[in-house]
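Q: Structure incoming, see below.
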Amino acid sequence: METATVVVAPAPVAITPPPQRKLMELKSSFAPAAKSSPARKAKPAKKKLAGGGGGYVLEDVPHLTDYLPELKSYPNPLQDHPAYSVVKQYFVNPDDTVAKKIVVHKSSARGTHFRRAGPRQRVYFQPGEVTAAIVTCGGLCPGLNTVIRELVCGLHDMYGVASVLGIEGGYKGFYARNTVELTPRSVNDIHKRGGTVLGTSRGGQDTAKIVDSIQDRGIDQVYIIGGDGTQKGAASIHEEVQRRGLKCAVVGVPKTIDNDIAVIDKSFGFDTAVEEAQRAINAAHVEAESAENGIGVVKLMGRNSGFIAMYATLASRDVDCCLIPESPFYLEGKGGLLQFVERRLRDNGHMVIVVAEGAGQDLIARSMHLVDTHDASGNKVLLDVGLWLSHKIKEHFKRKPNFPITLKYIDPTYMIRAVPSNASDNVYCTLLAHSALHGAMAGYTGFTVAPVNGRHAYIPFYRITEKQNKVVITDRMWARVLCSTNQPCFLTHEDVEGAGQEEEEPHLPLVEGENALVRSPSMCNGNDHLCSGAA
Ligand SMILES: Nc1ncnc2c1ncn2[C@@H]1O[C@H](COP(=O)(O)OP(=O)(O)OP(=O)(O)O)[C@@H](O)[C@H]1O
Ligand SMILES: O=P(O)(O)OC[C@H]1O[C@](O)(CO)[C@@H](O)[C@@H]1O
Ligand SMILES: [Mg+2]
């Protein structure tokens, strides 16, 4: 593959001395400075881009040699590993990249690519001398323990890494807690448990103190498992590590039950959460079916992105209405939710509503005149939309004495994220962990690892943190939900115009019939029986 480099990250100026052990590998020009530098705002990351023929662009990730050019490399010990040495082409071709977009037209440019994840022929650490560290941050997600387990086992068993430290209690654990030694034995069966054996937290992100801890403890590789906030933190840790000239690979493993991380196919634990949500939806359906005008309301997680609600709805087929943050709705009047509930009860005698926790927040705030509050990480604390909605529906039917209803509200939000990961998420977590440690051993740094169009890739932090992944309500998937539930789409012309496209690349016209399920707003508004036939 021919690639012409067009922009390369500039070599940073290192001003803090690395630990003694690492000095050997650094250039003598690093000037000594105070050990603990004050927290500073991370500068926007420099992009490392390479161009090729036909509009090919590689959005590459940093490598330790970008700022430590004299770093020594070693043969990858996997070449002698009994399990891997027999695998033909086990090592990834250095030129392999993964396309960000795979639906293309004959005139399309080749577009953005990411470096393919996997083991390289040469590594930039002597495994027996490596100290690695693992931290989990943000909310829980099924599969966290599996990722921890596979990082520990992979580092020890595949590469023979000397020491893997667990950082307890999230980012603040770097400077407020002692570390725990993680061994294949100590993590042997943790994947069977929900949660994270390391503990987690929100807030407490102090880049300078964290990097001081990395430096003082002589950590060579740090694996940071967490959501969008965590990856922003990881980006600033990487900037500071690079600024100090430390030989430490900073690797992000994306974790989000909400599936709100951009670029990647899907986050680990998402499938497990959707599966677990089925149990709540089934219960709501059974309750609703067994009562006169029974209504089951189920609240699922999804702060800004309604993927869990959307997929749980599609999987279940018992859901009559799915409400997500991306699709505004209203209660009263023609085409409103209450009118739809009434009609559905008259037609079917029961109904199930699935609502993502972030849906309708503006409506609730307006009706209750509340002031925003935020958690330790700065995330807005959400109002309970399930409770509010249930109350509004009950209030509506109280005004109709001849229309008795029975409403049951089920809130399984924490139950769906506290369970252990299912079989397919376990396999996914294993591959993620392996991709992460292969990248770090090969000297890559400042990246998040994840599958993109089915192939694991190293993605620069800025790509992950610049925007959130959201349900695009003008896309075919949301149309499938609307067709499955036959709910109103509540959209106005302005909503459709304002709905973001998924890509920055031009949206090419679809072939005839391909977009047939996305209807014009005038067709949608207030009409709940527009779609027929399968999506
Ligand atoms: N912009 C940011 N820069 C640096 N650190 C951040 C930033 N946003 C959040 N963090 C830190 O990252 C950690 C996790 O953030 P947060 O609580 O938002 O969870 P998350 O990683 O987004 O996961 P999730 O939202 O899926 O539970 C916290 O310790 C928080 O202080
Ligand atoms: O109560 P906690 O721990 O802040 O977590 C709640 C949040 O975590 C998330 O699951 C993201 O991890 C959101 O959907 C939810 O709003
Ligand atoms: Mg988040």
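Ordering of the structure tokens sets the chain letters (A, B, ...); residue numbers start at 1 within each chain; ligands are numbered from 1 in the order shown.
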Produce as an NGL selection string the set of residues near ligand 1, where near means within 7 Å with only C-alpha atoms and all ligand atoms considered.
A: :A and (137-140 or 170-171 or 201-205 or 226-233 or 236 or 255-258 or 376-379)
Q: For the selection you just gave me, I'd like the residues written to a file as an mmCIF file, in the first residue's frame, keeping N, CA and C atoms.
A:
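Output saved as again-v3.cif:
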data_model
loop_
_atom_site.group_PDB
_atom_site.id
_atom_site.type_symbol
_atom_site.label_atom_id
_atom_site.label_comp_id
_atom_site.auth_asym_id
_atom_site.auth_seq_id
_atom_site.Cartn_x
_atom_site.Cartn_y
_atom_site.Cartn_z
ATOM 1 N N CYS A 137 -13.314 3.273 35.042
ATOM 2 C CA CYS A 137 -13.933 4.542 35.453
ATOM 3 C C CYS A 137 -15.360 4.645 34.907
ATOM 4 N N GLY A 138 -16.151 5.513 35.525
ATOM 5 C CA GLY A 138 -17.520 5.748 35.061
ATOM 6 C C GLY A 138 -18.485 4.699 35.591
ATOM 7 N N GLY A 139 -19.647 4.580 34.932
ATOM 8 C CA GLY A 139 -20.685 3.645 35.396
ATOM 9 C C GLY A 139 -20.330 2.198 35.095
ATOM 10 N N LEU A 140 -21.071 1.299 35.696
ATOM 11 C CA LEU A 140 -20.816 -0.127 35.460
ATOM 12 C C LEU A 140 -21.295 -0.541 34.075
ATOM 13 N N GLY A 170 -11.346 3.919 40.258
ATOM 14 C CA GLY A 170 -11.357 4.908 39.174
ATOM 15 C C GLY A 170 -10.124 5.807 39.184
ATOM 16 N N TYR A 171 -10.238 6.941 38.438
ATOM 17 C CA TYR A 171 -9.066 7.813 38.254
ATOM 18 C C TYR A 171 -8.437 8.237 39.580
ATOM 19 N N SER A 201 -15.412 5.033 39.793
ATOM 20 C CA SER A 201 -15.952 6.270 40.381
ATOM 21 C C SER A 201 -16.154 7.297 39.269
ATOM 22 N N ARG A 202 -16.859 8.348 39.626
ATOM 23 C CA ARG A 202 -16.967 9.512 38.742
ATOM 24 C C ARG A 202 -16.193 10.655 39.406
ATOM 25 N N GLY A 203 -15.738 11.601 38.602
ATOM 26 C CA GLY A 203 -15.000 12.746 39.146
ATOM 27 C C GLY A 203 -13.567 12.368 39.508
ATOM 28 N N GLY A 204 -12.885 13.280 40.138
ATOM 29 C CA GLY A 204 -11.537 13.018 40.655
ATOM 30 C C GLY A 204 -10.467 12.921 39.590
ATOM 31 N N GLN A 205 -10.735 13.447 38.386
ATOM 32 C CA GLN A 205 -9.737 13.342 37.339
ATOM 33 C C GLN A 205 -8.736 14.495 37.491
ATOM 34 N N GLY A 226 -13.284 2.762 30.136
ATOM 35 C CA GLY A 226 -14.358 3.675 30.521
ATOM 36 C C GLY A 226 -15.036 4.305 29.327
ATOM 37 N N GLY A 227 -16.054 5.121 29.634
ATOM 38 C CA GLY A 227 -16.891 5.717 28.593
ATOM 39 C C GLY A 227 -16.303 6.997 28.009
ATOM 40 N N ASP A 228 -17.192 7.839 27.480
ATOM 41 C CA ASP A 228 -16.726 9.038 26.771
ATOM 42 C C ASP A 228 -15.930 9.965 27.698
ATOM 43 N N GLY A 229 -16.406 10.143 28.934
ATOM 44 C CA GLY A 229 -15.681 10.992 29.888
ATOM 45 C C GLY A 229 -14.312 10.407 30.177
ATOM 46 N N THR A 230 -14.266 9.108 30.400
ATOM 47 C CA THR A 230 -13.008 8.425 30.701
ATOM 48 C C THR A 230 -12.018 8.584 29.552
ATOM 49 N N GLN A 231 -12.503 8.465 28.316
ATOM 50 C CA GLN A 231 -11.601 8.562 27.159
ATOM 51 C C GLN A 231 -11.049 9.989 27.024
ATOM 52 N N LYS A 232 -11.870 10.982 27.427
ATOM 53 C CA LYS A 232 -11.339 12.370 27.433
ATOM 54 C C LYS A 232 -10.229 12.480 28.462
ATOM 55 N N GLY A 233 -10.452 11.864 29.620
ATOM 56 C CA GLY A 233 -9.419 11.847 30.655
ATOM 57 C C GLY A 233 -8.168 11.146 30.150
ATOM 58 N N SER A 236 -6.090 13.333 27.935
ATOM 59 C CA SER A 236 -5.243 14.333 28.589
ATOM 60 C C SER A 236 -4.095 13.664 29.352
ATOM 61 N N LYS A 255 -15.850 1.680 27.098
ATOM 62 C CA LYS A 255 -16.900 1.006 27.870
ATOM 63 C C LYS A 255 -18.099 1.929 27.950
ATOM 64 N N THR A 256 -19.215 1.522 27.489
ATOM 65 C CA THR A 256 -20.419 2.321 27.666
ATOM 66 C C THR A 256 -21.636 1.463 27.430
ATOM 67 N N ILE A 257 -22.444 1.356 28.440
ATOM 68 C CA ILE A 257 -23.657 0.565 28.258
ATOM 69 C C ILE A 257 -24.614 1.292 27.310
ATOM 70 N N ASP A 258 -24.473 2.617 27.237
ATOM 71 C CA ASP A 258 -25.383 3.399 26.387
ATOM 72 C C ASP A 258 -25.025 3.293 24.903
ATOM 73 N N ALA A 376 -20.435 14.088 39.929
ATOM 74 C CA ALA A 376 -19.031 14.460 40.144
ATOM 75 C C ALA A 376 -18.239 14.596 38.849
ATOM 76 N N SER A 377 -18.694 13.926 37.788
ATOM 77 C CA SER A 377 -17.997 14.026 36.496
ATOM 78 C C SER A 377 -18.530 15.170 35.642
ATOM 79 N N GLY A 378 -19.568 15.845 36.131
ATOM 80 C CA GLY A 378 -20.155 16.935 35.359
ATOM 81 C C GLY A 378 -21.326 16.505 34.490
ATOM 82 N N ASN A 379 -21.742 15.243 34.589
ATOM 83 C CA ASN A 379 -22.903 14.791 33.820
ATOM 84 C C ASN A 379 -24.186 15.289 34.499
#
Q: Would you mind listing what lies within 9 Å of range 440-443 of chain A as an MDAnalysis selection string, with only C-alpha atoms counted and same-chain residues fewer than 3 positions away left out?
A: chainID A and resid 62:65 73 76 119:127 159 221:223 248:251 435:437
Q: Would you output that residue set with N, CA and C atoms, as a PDB file, in the first residue's frame?
A:
ATOM      1  N   PRO A  62      -0.672   7.849  17.684  1.00  0.00           N
ATOM      2  CA  PRO A  62       0.718   8.143  18.045  1.00  0.00           C
ATOM      3  C   PRO A  62       1.500   6.860  18.332  1.00  0.00           C
ATOM      4  N   HIS A  63       2.818   6.968  18.192  1.00  0.00           N
ATOM      5  CA  HIS A  63       3.706   5.862  18.540  1.00  0.00           C
ATOM      6  C   HIS A  63       4.769   6.440  19.480  1.00  0.00           C
ATOM      7  N   LEU A  64       5.238   5.616  20.389  1.00  0.00           N
ATOM      8  CA  LEU A  64       6.241   6.112  21.346  1.00  0.00           C
ATOM      9  C   LEU A  64       7.458   6.703  20.641  1.00  0.00           C
ATOM     10  N   THR A  65       7.796   6.147  19.478  1.00  0.00           N
ATOM     11  CA  THR A  65       8.981   6.649  18.768  1.00  0.00           C
ATOM     12  C   THR A  65       8.737   8.040  18.155  1.00  0.00           C
ATOM     13  N   SER A  73      13.719  -1.656  19.763  1.00  0.00           N
ATOM     14  CA  SER A  73      12.634  -2.640  19.586  1.00  0.00           C
ATOM     15  C   SER A  73      13.214  -4.044  19.729  1.00  0.00           C
ATOM     16  N   ASN A  76       9.024  -9.933  18.752  1.00  0.00           N
ATOM     17  CA  ASN A  76       7.813 -10.231  19.530  1.00  0.00           C
ATOM     18  C   ASN A  76       7.907 -11.646  20.116  1.00  0.00           C
ATOM     19  N   PRO A 119      -1.064  -8.106  16.805  1.00  0.00           N
ATOM     20  CA  PRO A 119       0.334  -8.201  17.191  1.00  0.00           C
ATOM     21  C   PRO A 119       1.266  -7.816  16.041  1.00  0.00           C
ATOM     22  N   ARG A 120       2.356  -7.169  16.390  1.00  0.00           N
ATOM     23  CA  ARG A 120       3.373  -6.776  15.409  1.00  0.00           C
ATOM     24  C   ARG A 120       4.619  -7.628  15.602  1.00  0.00           C
ATOM     25  N   GLN A 121       5.424  -7.709  14.528  1.00  0.00           N
ATOM     26  CA  GLN A 121       6.647  -8.509  14.576  1.00  0.00           C
ATOM     27  C   GLN A 121       7.646  -7.995  15.626  1.00  0.00           C
ATOM     28  N   ARG A 122       7.682  -6.666  15.821  1.00  0.00           N
ATOM     29  CA  ARG A 122       8.620  -6.088  16.784  1.00  0.00           C
ATOM     30  C   ARG A 122       7.826  -5.425  17.910  1.00  0.00           C
ATOM     31  N   VAL A 123       8.327  -5.533  19.109  1.00  0.00           N
ATOM     32  CA  VAL A 123       7.698  -4.851  20.237  1.00  0.00           C
ATOM     33  C   VAL A 123       8.683  -3.836  20.799  1.00  0.00           C
ATOM     34  N   TYR A 124       8.163  -2.846  21.530  1.00  0.00           N
ATOM     35  CA  TYR A 124       9.014  -1.765  22.035  1.00  0.00           C
ATOM     36  C   TYR A 124       9.210  -1.832  23.550  1.00  0.00           C
ATOM     37  N   PHE A 125       8.875  -2.976  24.125  1.00  0.00           N
ATOM     38  CA  PHE A 125       9.113  -3.189  25.558  1.00  0.00           C
ATOM     39  C   PHE A 125       9.779  -4.545  25.721  1.00  0.00           C
ATOM     40  N   GLN A 126      10.633  -4.645  26.711  1.00  0.00           N
ATOM     41  CA  GLN A 126      11.135  -5.969  27.085  1.00  0.00           C
ATOM     42  C   GLN A 126      10.137  -6.521  28.084  1.00  0.00           C
ATOM     43  N   PRO A 127       9.346  -7.527  27.667  1.00  0.00           N
ATOM     44  CA  PRO A 127       8.183  -7.926  28.463  1.00  0.00           C
ATOM     45  C   PRO A 127       8.498  -8.183  29.930  1.00  0.00           C
ATOM     46  N   TYR A 159       2.726 -12.512  26.709  1.00  0.00           N
ATOM     47  CA  TYR A 159       3.968 -11.736  26.581  1.00  0.00           C
ATOM     48  C   TYR A 159       4.960 -11.945  27.721  1.00  0.00           C
ATOM     49  N   GLN A 221       2.722   0.812  30.824  1.00  0.00           N
ATOM     50  CA  GLN A 221       1.518   0.710  29.976  1.00  0.00           C
ATOM     51  C   GLN A 221       0.319   0.918  30.892  1.00  0.00           C
ATOM     52  N   VAL A 222      -0.595   1.791  30.484  1.00  0.00           N
ATOM     53  CA  VAL A 222      -1.786   1.986  31.307  1.00  0.00           C
ATOM     54  C   VAL A 222      -3.025   1.738  30.444  1.00  0.00           C
ATOM     55  N   TYR A 223      -3.882   0.857  30.939  1.00  0.00           N
ATOM     56  CA  TYR A 223      -5.101   0.471  30.223  1.00  0.00           C
ATOM     57  C   TYR A 223      -6.279   1.118  30.947  1.00  0.00           C
ATOM     58  N   CYS A 248       5.550   5.498  28.270  1.00  0.00           N
ATOM     59  CA  CYS A 248       4.370   4.829  28.817  1.00  0.00           C
ATOM     60  C   CYS A 248       3.267   4.859  27.763  1.00  0.00           C
ATOM     61  N   ALA A 249       2.794   3.678  27.375  1.00  0.00           N
ATOM     62  CA  ALA A 249       1.707   3.601  26.393  1.00  0.00           C
ATOM     63  C   ALA A 249       0.374   3.812  27.116  1.00  0.00           C
ATOM     64  N   VAL A 250      -0.428   4.749  26.599  1.00  0.00           N
ATOM     65  CA  VAL A 250      -1.736   5.037  27.203  1.00  0.00           C
ATOM     66  C   VAL A 250      -2.815   4.507  26.255  1.00  0.00           C
ATOM     67  N   VAL A 251      -3.555   3.533  26.752  1.00  0.00           N
ATOM     68  CA  VAL A 251      -4.515   2.810  25.896  1.00  0.00           C
ATOM     69  C   VAL A 251      -5.918   2.915  26.481  1.00  0.00           C
ATOM     70  N   SER A 435      -6.409  -6.963  21.594  1.00  0.00           N
ATOM     71  CA  SER A 435      -6.044  -5.893  20.653  1.00  0.00           C
ATOM     72  C   SER A 435      -5.343  -4.772  21.397  1.00  0.00           C
ATOM     73  N   ALA A 436      -5.852  -4.447  22.593  1.00  0.00           N
ATOM     74  CA  ALA A 436      -5.277  -3.350  23.379  1.00  0.00           C
ATOM     75  C   ALA A 436      -3.826  -3.661  23.747  1.00  0.00           C
ATOM     76  N   LEU A 437      -3.580  -4.851  24.264  1.00  0.00           N
ATOM     77  CA  LEU A 437      -2.215  -5.126  24.738  1.00  0.00           C
ATOM     78  C   LEU A 437      -1.234  -5.345  23.577  1.00  0.00           C
TER      79      LEU A 437
END
Q: Tell me which of A:Gly294, A:Gly54, A:Pro420, A:Gly169 sits closest to Val147 in chain A, counting only C-alpha atoms.
A: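 The closest residue to Val147 in chain A is A:Pro420.
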Q: Per DSSP on the backbone, filter range 195-384 of chain A down to the residues in helix (DSSP H, G or I) and report them as a VMD selection string.
A: chain A and resid 207 to 216 228 to 243 270 to 289 307 to 316 337 to 348 361 to 368
Q: For a quick check of understanding, using only C-alpha atoms and all ligand atoms, which of A:Gly154, A:Gly336, A:Gly194, A:Pro254 has the smallest distance to ligand 3?
A: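 Checking each of A:Gly154, A:Gly336, A:Gly194, A:Pro254 against ligand 3, counting only C-alpha atoms and all ligand atoms, the winner is A:Pro254.
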Q: Taking the DSSP assignment computed from this structure's backbone, write out as a list of chain:residue names all residues of range 205-257 of chain A that belong to strand (DSSP E or B).
A: A:Gln221, A:Val222, A:Tyr223, A:Ile224, A:Ile225, A:Gly226, A:Ala249, A:Val250, A:Val251, A:Gly252, A:Val253, A:Pro254, A:Lys255
Q: Suppose you want the space between CA of Thr474 in chain A and CA of Ala309 in chain A; what is it in Å?
A: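 The value is 16.7 Å.
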Q: List the spatial neighbours of range 422-428 of chain A as a ChimeraX atom specification - criterion: any atom at most 9 Å away, only C-alpha atoms, same-chain residues fewer than 4 positions off excluded.
A: /A:142-143,146-147,191,268-272,275,432-433
